[in-house]
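File shown: upload-v8.cif (mmCIF, C-alpha atoms (C1' of nucleotides)).
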data_entry
#
loop_
_atom_site.label_atom_id
_atom_site.label_comp_id
_atom_site.auth_asym_id
_atom_site.auth_seq_id
_atom_site.Cartn_x
_atom_site.Cartn_y
_atom_site.Cartn_z
CA MET A 37 121.11 34.89 80.63
CA THR A 38 122.59 31.77 82.23
CA SER A 39 122.85 33.86 85.35
CA TYR A 40 119.08 34.09 85.36
CA ILE A 41 119.04 30.48 86.55
CA ASP A 42 121.18 31.61 89.48
CA LYS A 43 118.68 34.36 90.18
CA ILE A 44 115.85 31.82 90.15
CA ASN A 45 117.77 29.52 92.50
CA LEU A 46 118.52 32.42 94.81
CA TYR A 47 114.85 33.26 94.84
CA ILE A 48 113.95 29.68 95.74
CA LYS A 49 116.50 29.70 98.54
CA SER A 50 115.09 32.98 99.85
CA LEU A 51 111.59 31.53 100.21
CA ASP A 52 110.14 31.16 103.70
CA ASN A 53 110.00 27.65 105.11
CA ASP A 54 106.27 27.42 104.77
CA THR A 55 106.35 28.07 101.03
CA LEU A 56 109.33 25.77 100.52
CA ILE A 57 107.62 22.91 102.28
CA GLY A 58 104.45 23.65 100.34
CA LEU A 59 106.42 23.43 97.13
CA GLN A 60 108.07 20.15 98.10
CA SER A 61 104.90 18.56 99.39
CA ILE A 62 103.16 18.78 96.03
CA ALA A 63 105.96 17.01 94.14
CA SER A 64 106.59 13.29 93.96
CA ILE A 65 109.51 11.28 92.65
CA LYS A 66 109.05 9.03 89.66
CA THR A 67 111.36 7.06 87.40
CA TYR A 68 111.12 6.22 83.71
CA LYS A 69 113.03 3.72 81.63
CA LYS A 70 114.98 4.69 78.56
CA GLY A 71 112.58 5.24 75.67
CA GLU A 72 109.49 5.77 77.80
CA LEU A 73 107.23 8.70 76.95
CA LEU A 74 106.37 11.20 79.67
CA LEU A 75 104.02 12.99 77.29
CA ARG A 76 102.46 11.97 73.99
CA GLN A 77 101.24 14.14 71.14
CA ASN A 78 97.57 15.14 71.58
CA GLU A 79 97.69 14.54 75.32
CA VAL A 80 97.40 17.55 77.60
CA CYS A 81 100.60 18.23 79.50
CA THR A 82 99.12 18.14 83.01
CA LYS A 83 102.42 17.67 84.82
CA SER A 84 105.81 19.28 85.01
CA TYR A 85 108.91 17.13 85.37
CA LEU A 86 112.01 18.37 87.12
CA ILE A 87 114.86 16.14 85.97
CA ILE A 88 116.75 14.73 88.93
CA SER A 89 119.00 12.44 86.92
CA GLY A 90 119.29 11.24 83.34
CA THR A 91 118.38 13.00 80.11
CA ALA A 92 115.19 13.54 78.17
CA ARG A 93 114.00 15.41 75.13
CA LYS A 94 110.94 17.11 73.72
CA TYR A 95 110.09 16.62 70.03
CA TYR A 96 107.33 16.72 67.49
CA LEU A 97 106.67 15.01 64.19
CA ASN A 98 106.76 16.95 60.96
CA ASP A 99 105.67 14.78 58.06
CA GLY A 100 107.02 11.69 59.68
CA LYS A 101 110.26 13.29 60.80
CA GLU A 102 111.12 13.92 64.41
CA ILE A 103 112.16 17.48 65.24
CA THR A 104 113.77 17.74 68.66
CA THR A 105 112.87 21.05 70.29
CA GLU A 106 114.58 20.77 73.65
CA LEU A 107 117.01 18.59 75.53
CA PHE A 108 116.67 18.15 79.27
CA PHE A 109 119.44 17.44 81.75
CA GLU A 110 119.75 17.51 85.52
CA ASN A 111 117.75 20.35 87.08
CA ASP A 112 115.91 21.20 83.89
CA LEU A 113 112.17 21.51 84.02
CA ALA A 114 110.53 19.45 81.28
CA VAL A 115 107.11 20.51 80.03
CA SER A 116 105.49 21.20 76.70
CA PHE A 117 105.11 24.89 77.42
CA ASP A 118 101.99 25.81 75.48
CA SER A 119 100.18 22.59 76.29
CA TYR A 120 100.99 23.06 79.97
CA THR A 121 100.07 26.74 80.02
CA LEU A 122 96.85 26.45 78.06
CA GLN A 123 96.03 22.94 79.27
CA GLN A 124 95.39 22.00 75.68
CA PRO A 125 96.55 19.00 73.64
CA SER A 126 100.27 18.95 72.98
CA ARG A 127 101.89 18.68 69.57
CA GLU A 128 105.06 17.57 71.32
CA PHE A 129 106.25 14.35 72.89
CA ILE A 130 108.53 14.14 75.92
CA GLU A 131 110.77 11.10 75.91
CA ALA A 132 113.32 9.68 78.35
CA LEU A 133 116.61 9.29 76.48
CA THR A 134 118.15 7.38 79.38
CA ALA A 135 116.67 5.95 82.53
CA ILE A 136 115.56 9.05 84.41
CA SER A 137 114.42 10.09 87.82
CA VAL A 138 112.11 13.10 87.98
CA SER A 139 110.22 15.20 90.46
CA VAL A 140 106.64 15.42 89.17
CA THR A 141 104.18 18.18 90.00
CA LYS A 142 100.63 18.31 88.68
CA TYR A 143 99.55 21.48 86.89
CA GLN A 144 96.39 21.91 88.92
CA THR A 145 98.16 21.21 92.20
CA PHE A 146 100.73 23.86 91.41
CA GLU A 147 97.99 26.32 90.45
CA ASP A 148 96.34 25.70 93.82
CA ALA A 149 99.68 26.06 95.59
CA LYS A 150 100.17 29.46 93.96
CA LYS A 151 96.96 30.61 95.62
CA LYS A 152 98.10 29.37 99.00
CA TYR A 153 101.73 30.48 98.64
CA PRO A 154 101.72 33.62 96.48
CA LYS A 155 105.49 33.69 96.30
CA LEU A 156 105.21 30.75 93.93
CA ILE A 157 103.58 33.09 91.41
CA THR A 158 106.81 35.05 91.21
CA LEU A 159 108.70 31.78 90.82
CA ASP A 160 106.36 30.78 88.00
CA LEU A 161 106.92 34.19 86.41
CA MET A 162 110.69 33.78 86.54
CA LEU A 163 110.46 30.33 84.98
CA ALA A 164 108.22 31.63 82.18
CA GLU A 165 110.61 34.53 81.57
CA TYR A 166 113.53 32.17 81.45
CA TYR A 167 111.81 29.93 78.95
CA ALA A 168 110.78 32.90 76.78
CA MET A 169 114.37 34.13 76.68
CA TRP A 170 115.62 30.64 75.94
CA VAL A 171 113.28 30.21 72.96
CA GLU A 172 114.11 33.72 71.76
CA LYS A 173 117.80 32.87 71.83
CA ARG A 174 117.19 29.67 69.90
CA LEU A 175 115.23 31.53 67.22
CA PHE A 176 118.00 34.12 67.06
CA GLU A 177 120.61 31.41 66.55
CA PHE A 178 118.62 29.84 63.74
CA HIS A 179 118.46 33.21 62.02
CA THR A 180 122.02 34.32 62.42
CA MET A 181 124.14 31.18 62.33
CA THR A 182 124.81 28.55 59.69
CA ALA A 183 124.40 24.89 60.56
CA THR A 184 128.18 24.63 61.09
CA GLN A 185 128.20 27.58 63.45
CA ARG A 186 125.29 26.14 65.42
CA TYR A 187 127.10 22.83 65.75
CA LEU A 188 130.31 24.49 66.92
CA HIS A 189 128.32 26.62 69.31
CA ILE A 190 126.74 23.60 70.94
CA LEU A 191 130.10 21.85 70.97
CA ASN A 192 131.47 24.79 72.92
CA LYS A 193 128.64 25.66 75.22
CA SER A 194 127.17 22.22 75.84
CA PRO A 195 129.75 19.53 75.08
CA HIS A 196 127.75 17.10 77.22
CA ILE A 197 125.09 17.15 74.52
CA ILE A 198 127.49 15.92 71.86
CA GLN A 199 128.91 13.27 74.13
CA THR A 200 125.72 11.68 75.32
CA ILE A 201 123.14 12.09 72.61
CA SER A 202 122.82 10.32 69.25
CA LEU A 203 123.64 12.28 66.11
CA THR A 204 120.15 11.72 64.76
CA ILE A 205 118.71 13.62 67.68
CA ILE A 206 121.41 16.29 67.66
CA ALA A 207 120.80 16.85 63.94
CA SER A 208 117.09 17.33 64.47
CA TYR A 209 117.82 19.65 67.39
CA LEU A 210 120.16 21.69 65.18
CA GLY A 211 117.58 21.75 62.43
CA VAL A 212 119.69 19.91 59.84
CA SER A 213 119.54 16.50 58.26
CA LEU A 214 121.59 13.70 59.73
CA GLU A 215 123.73 13.60 56.60
CA THR A 216 124.49 17.30 56.78
CA LEU A 217 125.52 16.99 60.41
CA SER A 218 127.78 14.10 59.52
CA ARG A 219 129.42 16.22 56.82
CA ILE A 220 129.84 19.13 59.19
CA ARG A 221 131.62 16.85 61.62
CA ALA A 222 133.84 15.39 58.91
CA LYS A 223 134.88 18.87 57.81
CA ILE A 224 136.03 20.03 61.24
CA MET B 288 96.42 30.70 71.69
CA THR B 289 94.82 33.92 70.44
CA SER B 290 92.22 33.31 73.09
CA TYR B 291 94.94 33.73 75.68
CA ILE B 292 94.78 37.46 74.94
CA ASP B 293 91.11 37.32 75.84
CA LYS B 294 92.01 35.57 79.06
CA ILE B 295 94.53 38.30 79.85
CA ASN B 296 91.96 41.00 79.11
CA LEU B 297 89.40 39.25 81.26
CA TYR B 298 91.93 39.13 84.05
CA ILE B 299 92.61 42.85 83.72
CA LYS B 300 88.89 43.58 83.81
CA SER B 301 88.50 41.44 86.92
CA LEU B 302 91.08 43.46 88.85
CA ASP B 303 89.89 45.47 91.85
CA ASN B 304 89.66 49.22 91.36
CA ASP B 305 92.66 49.92 93.52
CA THR B 306 94.95 47.76 91.39
CA LEU B 307 93.49 49.12 88.16
CA ILE B 308 94.07 52.68 89.22
CA GLY B 309 97.55 51.75 90.39
CA LEU B 310 98.25 50.29 86.97
CA GLN B 311 96.95 53.33 85.15
CA SER B 312 98.68 55.83 87.38
CA ILE B 313 102.15 54.53 86.51
CA ALA B 314 101.63 54.86 82.76
CA SER B 315 101.91 57.99 80.67
CA ILE B 316 100.98 58.77 77.10
CA LYS B 317 103.67 59.61 74.60
CA THR B 318 103.80 60.04 70.85
CA TYR B 319 106.53 59.30 68.34
CA LYS B 320 106.92 60.35 64.75
CA LYS B 321 107.34 57.89 61.95
CA GLY B 322 110.91 56.59 61.94
CA GLU B 323 111.70 57.53 65.53
CA LEU B 324 113.43 54.94 67.68
CA LEU B 325 111.85 53.98 70.99
CA LEU B 326 114.83 51.78 71.79
CA ARG B 327 118.30 51.59 70.31
CA GLN B 328 120.72 48.68 70.23
CA ASN B 329 122.95 48.58 73.33
CA GLU B 330 120.52 50.65 75.35
CA VAL B 331 118.73 48.96 78.24
CA CYS B 332 115.01 48.60 77.60
CA THR B 333 113.80 50.37 80.74
CA LYS B 334 110.27 50.98 79.51
CA SER B 335 107.38 49.05 78.07
CA TYR B 336 105.23 50.61 75.36
CA LEU B 337 101.59 49.70 74.92
CA ILE B 338 100.64 50.74 71.42
CA ILE B 339 97.54 52.91 71.45
CA SER B 340 97.59 53.75 67.75
CA GLY B 341 99.94 53.30 64.82
CA THR B 342 102.44 50.53 64.10
CA ALA B 343 105.97 49.78 65.22
CA ARG B 344 108.53 47.04 64.87
CA LYS B 345 111.41 45.46 66.71
CA TYR B 346 114.54 44.51 64.74
CA TYR B 347 118.24 43.81 64.99
CA LEU B 348 121.17 44.08 62.66
CA ASN B 349 122.90 40.99 61.35
CA ASP B 350 125.97 41.92 59.37
CA GLY B 351 124.45 45.15 58.20
CA LYS B 352 121.05 43.63 57.46
CA GLU B 353 117.94 44.42 59.41
CA ILE B 354 116.04 41.41 60.73
CA THR B 355 112.55 42.31 61.91
CA THR B 356 111.59 40.18 64.91
CA GLU B 357 108.19 41.54 65.78
CA LEU B 358 105.52 43.87 64.45
CA PHE B 359 103.39 45.87 66.84
CA PHE B 360 99.84 47.06 66.30
CA GLU B 361 97.13 48.52 68.47
CA ASN B 362 97.07 46.95 71.96
CA ASP B 363 100.40 45.18 71.50
CA LEU B 364 103.00 45.59 74.18
CA ALA B 365 106.35 46.57 72.69
CA VAL B 366 109.51 45.68 74.59
CA SER B 367 112.78 43.95 73.86
CA PHE B 368 111.96 41.01 76.09
CA ASP B 369 115.37 39.91 77.30
CA SER B 370 116.70 43.44 77.66
CA TYR B 371 113.61 44.40 79.64
CA THR B 372 113.63 41.29 81.81
CA LEU B 373 117.34 41.25 82.57
CA GLN B 374 117.73 45.04 82.41
CA GLN B 375 120.72 44.51 80.19
CA PRO B 376 121.71 46.16 76.90
CA SER B 377 119.43 45.30 74.01
CA ARG B 378 120.53 43.84 70.70
CA GLU B 379 117.24 45.03 69.26
CA PHE B 380 115.87 48.37 68.12
CA ILE B 381 112.24 49.42 68.43
CA GLU B 382 111.10 51.77 65.70
CA ALA B 383 107.87 53.62 64.96
CA LEU B 384 106.74 52.64 61.46
CA THR B 385 104.03 55.28 61.47
CA ALA B 386 103.28 58.12 63.83
CA ILE B 387 102.34 56.32 67.04
CA SER B 388 100.76 57.01 70.36
CA VAL B 389 101.85 54.76 73.22
CA SER B 390 101.25 54.23 76.89
CA VAL B 391 104.67 54.10 78.52
CA THR B 392 105.48 52.39 81.81
CA LYS B 393 108.92 52.31 83.38
CA TYR B 394 110.36 48.92 84.28
CA GLN B 395 111.26 49.92 87.81
CA THR B 396 107.93 51.61 88.43
CA PHE B 397 106.12 48.47 87.33
CA GLU B 398 108.35 46.34 89.56
CA ASP B 399 107.42 48.56 92.49
CA ALA B 400 103.76 48.42 91.55
CA LYS B 401 103.91 44.62 91.60
CA LYS B 402 104.97 44.82 95.23
CA LYS B 403 102.12 47.13 96.10
CA TYR B 404 99.50 45.39 93.94
CA PRO B 405 100.40 41.69 93.90
CA LYS B 406 97.75 40.91 91.31
CA LEU B 407 100.01 42.60 88.81
CA ILE B 408 102.48 39.75 89.28
CA THR B 409 99.92 37.37 87.83
CA LEU B 410 99.34 39.81 84.99
CA ASP B 411 103.08 39.93 84.35
CA LEU B 412 103.16 36.13 84.38
CA MET B 413 100.38 35.92 81.82
CA LEU B 414 102.14 38.38 79.56
CA ALA B 415 105.41 36.45 79.81
CA GLU B 416 103.59 33.19 79.07
CA TYR B 417 101.91 34.76 76.10
CA TYR B 418 105.20 36.01 74.72
CA ALA B 419 106.89 32.63 75.26
CA MET B 420 104.11 30.89 73.36
CA TRP B 421 104.26 33.48 70.62
CA VAL B 422 108.01 33.03 70.11
CA GLU B 423 107.61 29.26 70.26
CA LYS B 424 104.98 29.42 67.53
CA ARG B 425 107.25 31.58 65.40
CA LEU B 426 110.13 29.14 65.77
CA PHE B 427 107.77 26.29 64.92
CA GLU B 428 106.64 28.07 61.76
CA PHE B 429 110.21 28.64 60.65
CA HIS B 430 110.90 24.95 61.08
CA THR B 431 107.84 23.53 59.44
CA MET B 432 106.87 25.94 56.70
CA THR B 433 108.52 27.08 53.50
CA ALA B 434 108.86 30.79 52.78
CA THR B 435 105.79 30.61 50.55
CA GLN B 436 103.73 28.93 53.24
CA ARG B 437 104.82 31.52 55.79
CA TYR B 438 103.81 34.31 53.45
CA LEU B 439 100.41 32.77 52.78
CA HIS B 440 99.95 32.20 56.46
CA ILE B 441 100.55 35.85 57.28
CA LEU B 442 98.34 36.86 54.37
CA ASN B 443 95.57 34.79 55.92
CA LYS B 444 96.01 35.45 59.58
CA SER B 445 97.25 39.02 59.52
CA PRO B 446 96.29 40.69 56.23
CA HIS B 447 96.76 44.09 57.88
CA ILE B 448 100.50 43.36 57.94
CA ILE B 449 100.68 42.96 54.18
CA GLN B 450 98.58 46.03 53.58
CA THR B 451 100.40 48.49 55.77
CA ILE B 452 104.02 47.44 55.91
CA SER B 453 106.74 47.66 53.26
CA LEU B 454 107.89 44.49 51.57
CA THR B 455 111.43 45.03 52.78
CA ILE B 456 110.26 44.77 56.36
CA ILE B 457 107.85 41.92 55.68
CA ALA B 458 110.63 39.99 53.97
CA SER B 459 112.95 40.40 56.92
CA TYR B 460 110.10 39.41 59.23
CA LEU B 461 109.50 36.27 57.17
CA GLY B 462 113.20 35.50 57.14
CA VAL B 463 113.65 35.73 53.37
CA SER B 464 115.34 38.16 51.05
CA LEU B 465 113.32 40.93 49.48
CA GLU B 466 113.82 39.35 46.04
CA THR B 467 112.52 36.00 47.20
CA LEU B 468 109.43 37.60 48.69
CA SER B 469 108.84 39.45 45.45
CA ARG B 470 109.05 36.15 43.55
CA ILE B 471 106.70 34.46 45.97
CA ARG B 472 104.17 37.20 45.39
CA ALA B 473 104.56 37.03 41.63
CA LYS B 474 103.95 33.28 41.70
CA ILE B 475 100.67 33.45 43.60
"C1'" DT C 769 103.77 68.26 36.85
"C1'" DT C 770 108.36 66.70 37.07
"C1'" DC C 771 112.48 64.93 38.65
"C1'" DA C 772 114.53 62.26 42.07
"C1'" DT C 773 114.37 59.07 45.45
"C1'" DT C 774 112.69 54.82 47.17
"C1'" DA C 775 110.28 50.46 46.55
"C1'" DT C 776 109.57 46.49 43.87
"C1'" DT C 777 110.38 43.26 40.21
"C1'" DT C 778 113.04 40.50 37.05
"C1'" DG C 779 117.17 38.02 35.38
"C1'" DA C 780 121.31 35.22 35.78
"C1'" DC C 781 123.89 32.69 38.57
"C1'" DC C 782 125.46 30.57 43.20
"C1'" DT C 783 125.34 27.95 47.52
"C1'" DA C 784 123.90 25.69 51.77
"C1'" DA C 785 121.55 22.12 52.83
"C1'" DG C 786 118.17 18.33 51.53
"C1'" DT C 787 117.21 13.71 49.46
"C1'" DC C 788 117.92 9.09 48.20
"C1'" DA C 789 120.88 5.28 48.03
"C1'" DA C 790 124.65 2.63 49.26
"C1'" DA C 791 128.73 1.70 52.09
"C1'" DT C 792 130.84 1.48 56.63
"C1'" DT C 793 131.22 1.46 61.34
"C1'" DT C 794 129.53 0.59 65.89
"C1'" DC C 795 126.41 -1.64 69.04
"C1'" DT C 796 123.66 -5.44 70.81
"C1'" DT C 797 122.29 -9.68 71.97
"C1'" DG C 798 121.97 -14.59 71.41
"C1'" DC D 1121 132.50 -14.20 69.64
"C1'" DA D 1122 129.43 -13.65 65.59
"C1'" DA D 1123 125.43 -12.03 63.15
"C1'" DG D 1124 122.14 -8.79 62.77
"C1'" DA D 1125 120.57 -4.30 63.77
"C1'" DA D 1126 121.31 0.37 64.36
"C1'" DA D 1127 124.10 4.44 63.78
"C1'" DT D 1128 127.06 7.02 60.95
"C1'" DT D 1129 129.42 8.24 56.78
"C1'" DT D 1130 130.00 8.97 51.88
"C1'" DG D 1131 128.48 9.81 47.09
"C1'" DA D 1132 125.64 11.77 43.48
"C1'" DC D 1133 122.24 14.73 42.52
"C1'" DT D 1134 118.36 18.29 43.53
"C1'" DT D 1135 116.37 22.42 45.32
"C1'" DA D 1136 114.91 26.46 48.01
"C1'" DG D 1137 116.42 30.46 48.62
"C1'" DG D 1138 120.46 33.88 48.44
"C1'" DT D 1139 123.28 37.39 45.90
"C1'" DC D 1140 124.40 40.87 42.69
"C1'" DA D 1141 122.94 43.73 39.05
"C1'" DA D 1142 119.80 45.98 36.27
"C1'" DA D 1143 115.05 47.34 35.02
"C1'" DT D 1144 110.53 49.19 36.32
"C1'" DA D 1145 107.21 51.24 39.15
"C1'" DA D 1146 105.59 54.10 42.70
"C1'" DT D 1147 105.92 58.03 45.74
"C1'" DG D 1148 106.86 62.55 47.22
"C1'" DA D 1149 108.96 67.08 47.50
"C1'" DA D 1150 109.95 71.40 44.85
#
Mind converting the file's structure to structure tokens?
Amino acid sequence: MTSYIDKINLYIKSLDNDTLIGLQSIASIKTYKKGELLLRQNEVCTKSYLIISGTARKYYLNDGKEITTELFFENDLAVSFDSYTLQQPSREFIEALTAISVSVTKYQTFEDAKKKYPKLITLDLMLAEYYAMWVEKRLFEFHTMTATQRYLHILNKSPHIIQTISLTIIASYLGVSLETLSRIRAKI
Amino acid sequence: MTSYIDKINLYIKSLDNDTLIGLQSIASIKTYKKGELLLRQNEVCTKSYLIISGTARKYYLNDGKEITTELFFENDLAVSFDSYTLQQPSREFIEALTAISVSVTKYQTFEDAKKKYPKLITLDLMLAEYYAMWVEKRLFEFHTMTATQRYLHILNKSPHIIQTISLTIIASYLGVSLETLSRIRAKI
DNA sequence: TTCATTATTTGACCTAAGTCAAATTTCTTG
DNA sequence: CAAGAAATTTGACTTAGGTCAAATAATGAA
């Protein structure tokens, strides 16, 4: 499934110049400071953010507790998927975890660009497919692995997460309490 | 989000005759008996199945136990998403829970049709978006609701599930043991 | 109908992970 | 550097839900 990213990148590279320039022309660079919110709960996610540098996360509040649903690193595309797709209020926040630089594209501008450059529809399709598979995998991992296994899995597959991100956030991303994560780490 | 199905149906209705006929011409009707498998683990999901009548489910085995990941009713599109998208072996099975009638379309034939009728790419995109949002919602429910809440939720939103499907399958769909589901029901 | 098979419920006990509270450790910032 | 704040760990206890086993109930084929 990781190789699907390669396929997407290949597809982007294969685009004609016209489409590529069209795609670039609708994006603009922005920076956010650590702690800044790119999207707030109840706001409509009207923009997508391609992370150029730094890290960010997506989270929501469940009776006062933050549940991190996704972590974003270089080259990741940060959006609240359903809010973006339906252009309806988001239940999620998007927050810069470090100072970040992003390439911002407005929803409506991208929709218009798809009409002008139909090859972008296929790109959009590939991105949606990738996200669907990613969420499916996450659900699968929650069903089949214990908290310890999920931690070890992340430690293996994405050591950069453990190194750069606070345990509070990692715990909420793993779906365990901070204390449980601490005990898992002590045990290993 | 349910309304997204309406949006998809509206889009289908808005298609030009040529595209519509193209779409129909690549599908064929098939029937399966109760208990028959439309897809087995380790097979590549090379077909999509639009349920015309009857019910089906998608599941995988986790150390000997069946975990139901999706239930299919009339008008649902049954595929193992990642296997279909990547054309790689599936970890999931698709099984007819009753006698069913389905409209079958081959992956490759649909891919070819997308080239000939580009509006089908947008349809494919909408279906992928819908599935991504559906999985996201499911993950969200697992994180924020107790087993009892999930049961009540299904009872509310999809009473037909409770009426037609065995508790063993419902339990595995809710992510609880059969015994726990039985106790939840006794309590209510 | 009846017997057997399958589905569901109930009981007793166990376990992973949560909660609340307090103790440490690690960062920050004046 | 020191003091306060934030992050992490540790302890004691609780709980939702799991497991294994046995008891009922429901279904279906002869």
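Straight-line separation from CA of Leu324 (chain B) to CA of Ala168 (chain A): 24.0 Å.
Interatomic distance, CA of Gln395 (chain B) against CA of Gln374 (chain B): 9.7 Å.
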Could you write out as a compact mmCIF listing (two decimals) with C-alpha atoms, in the frame of the given file the residues that the PyMOL selection byres ((chain A) within 6 of (chain B)) matches in the shown file?
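File result.txt, as written:
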# COMPACT_ATOMS: atom_id res chain seq x y z
CA ASP A 118 101.99 25.81 75.48
CA LEU A 161 106.92 34.19 86.41
CA ALA A 164 108.22 31.63 82.18
CA GLU A 165 110.61 34.53 81.57
CA ALA A 168 110.78 32.90 76.78
CA MET A 169 114.37 34.13 76.68
CA LEU A 175 115.23 31.53 67.22
For this file, the PyMOL selection byres ((chain D) within 9 of (chain B)) selects which residues, as an mmCIF file with C-alpha atoms (C1' of nucleotides), keeping the file's coordinate frame?
data_model
loop_
_atom_site.group_PDB
_atom_site.id
_atom_site.type_symbol
_atom_site.label_atom_id
_atom_site.label_comp_id
_atom_site.auth_asym_id
_atom_site.auth_seq_id
_atom_site.Cartn_x
_atom_site.Cartn_y
_atom_site.Cartn_z
ATOM 1 C "C1'" DA D 1136 114.910 26.460 48.010
ATOM 2 C "C1'" DG D 1137 116.420 30.460 48.620
ATOM 3 C "C1'" DG D 1138 120.460 33.880 48.440
#
- Task: May I have the residues of chain C within 12 Å of chain A, counting only C-alpha atoms (C1' of nucleotides), written as a PyMOL selection string?
- Result: chain C and resi 784-788
- Note on the structure: note - CA of Leu214 (chain A) and CA of Asn192 (chain A) are separated by 19.9 Å
- Would you mind listing what lies within 12 Å of region 200-205 of chain A as number ranges by chain, with all atoms listed in the file counted and same-chain residues fewer than 3 positions away left out? A: 90-96, 101-109, 131-134, 187, 191, 194-197, 208-221; D: 1126-1129
Got a sec to resolve the PyMOL selection byres ((chain A and resi 76) around 7) on this structure and send the residues as an mmCIF file with C-alpha atoms, in the coordinates of the input?
data_model
loop_
_atom_site.group_PDB
_atom_site.id
_atom_site.type_symbol
_atom_site.label_atom_id
_atom_site.label_comp_id
_atom_site.auth_asym_id
_atom_site.auth_seq_id
_atom_site.Cartn_x
_atom_site.Cartn_y
_atom_site.Cartn_z
ATOM 1 C CA LEU A 73 107.230 8.700 76.950
ATOM 2 C CA LEU A 74 106.370 11.200 79.670
ATOM 3 C CA LEU A 75 104.020 12.990 77.290
ATOM 4 C CA GLN A 77 101.240 14.140 71.140
ATOM 5 C CA ASN A 78 97.570 15.140 71.580
ATOM 6 C CA GLU A 79 97.690 14.540 75.320
ATOM 7 C CA GLU A 128 105.060 17.570 71.320
ATOM 8 C CA PHE A 129 106.250 14.350 72.890
ATOM 9 C CA ILE A 130 108.530 14.140 75.920
#
- Message: Excluding region 1139-1142 of chain D and its own-chain neighbours fewer than 2 positions away, which residues fall within 10 Å of it when counting only C-alpha atoms (C1' of nucleotides)? Please give them as a PyMOL selection string.
- Response: (chain B and resi 464+466) or (chain C and resi 778-783) or (chain D and resi 1144)
- At most 9 Å from (130.3, 8.5, 47.5), file frame, all atoms listed in the file: which residues, as a PyMOL selection string? (chain C and resi 790-791) or (chain D and resi 1130-1132)
Those same residues, written as a PDB file, in the coordinates of the input with C-alpha atoms (C1' of nucleotides)?
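Just written: selection11.pdb:
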ATOM      1  C1'  DA C 790     124.650   2.630  49.260  1.00  0.00           C
ATOM      2  C1'  DA C 791     128.730   1.700  52.090  1.00  0.00           C
TER       3       DA C 791
ATOM      4  C1'  DT D1130     130.000   8.970  51.880  1.00  0.00           C
ATOM      5  C1'  DG D1131     128.480   9.810  47.090  1.00  0.00           C
ATOM      6  C1'  DA D1132     125.640  11.770  43.480  1.00  0.00           C
TER       7       DA D1132
END
Quick one: residues within 10 Å of DG798 (chain C), only C-alpha atoms (C1' of nucleotides), excluding same-chain residues fewer than 2 positions away - as a compact mmCIF listing (two decimals) with C-alpha atoms (C1' of nucleotides), keeping the file's coordinate frame?
# COMPACT_ATOMS: atom_id res chain seq x y z
C1' DT C 796 123.66 -5.44 70.81
C1' DA D 1122 129.43 -13.65 65.59
C1' DA D 1123 125.43 -12.03 63.15
So which residues are close to (95.8, 48.9, 99.1), meaning at most 8 Å away in the file's coordinates with only C-alpha atoms (C1' of nucleotides) counted, and can you show them as a compact mmCIF listing (two decimals) with C-alpha atoms, in the coordinates of the input?
# COMPACT_ATOMS: atom_id res chain seq x y z
CA ASP B 305 92.66 49.92 93.52
CA THR B 306 94.95 47.76 91.39
CA LYS B 403 102.12 47.13 96.10
CA TYR B 404 99.50 45.39 93.94
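Considering all atoms listed in the file, the residue among C:DT777, C:DT769, C:DT792, C:DT797 positioned nearest to DA1149 (chain D) is C:DT769.
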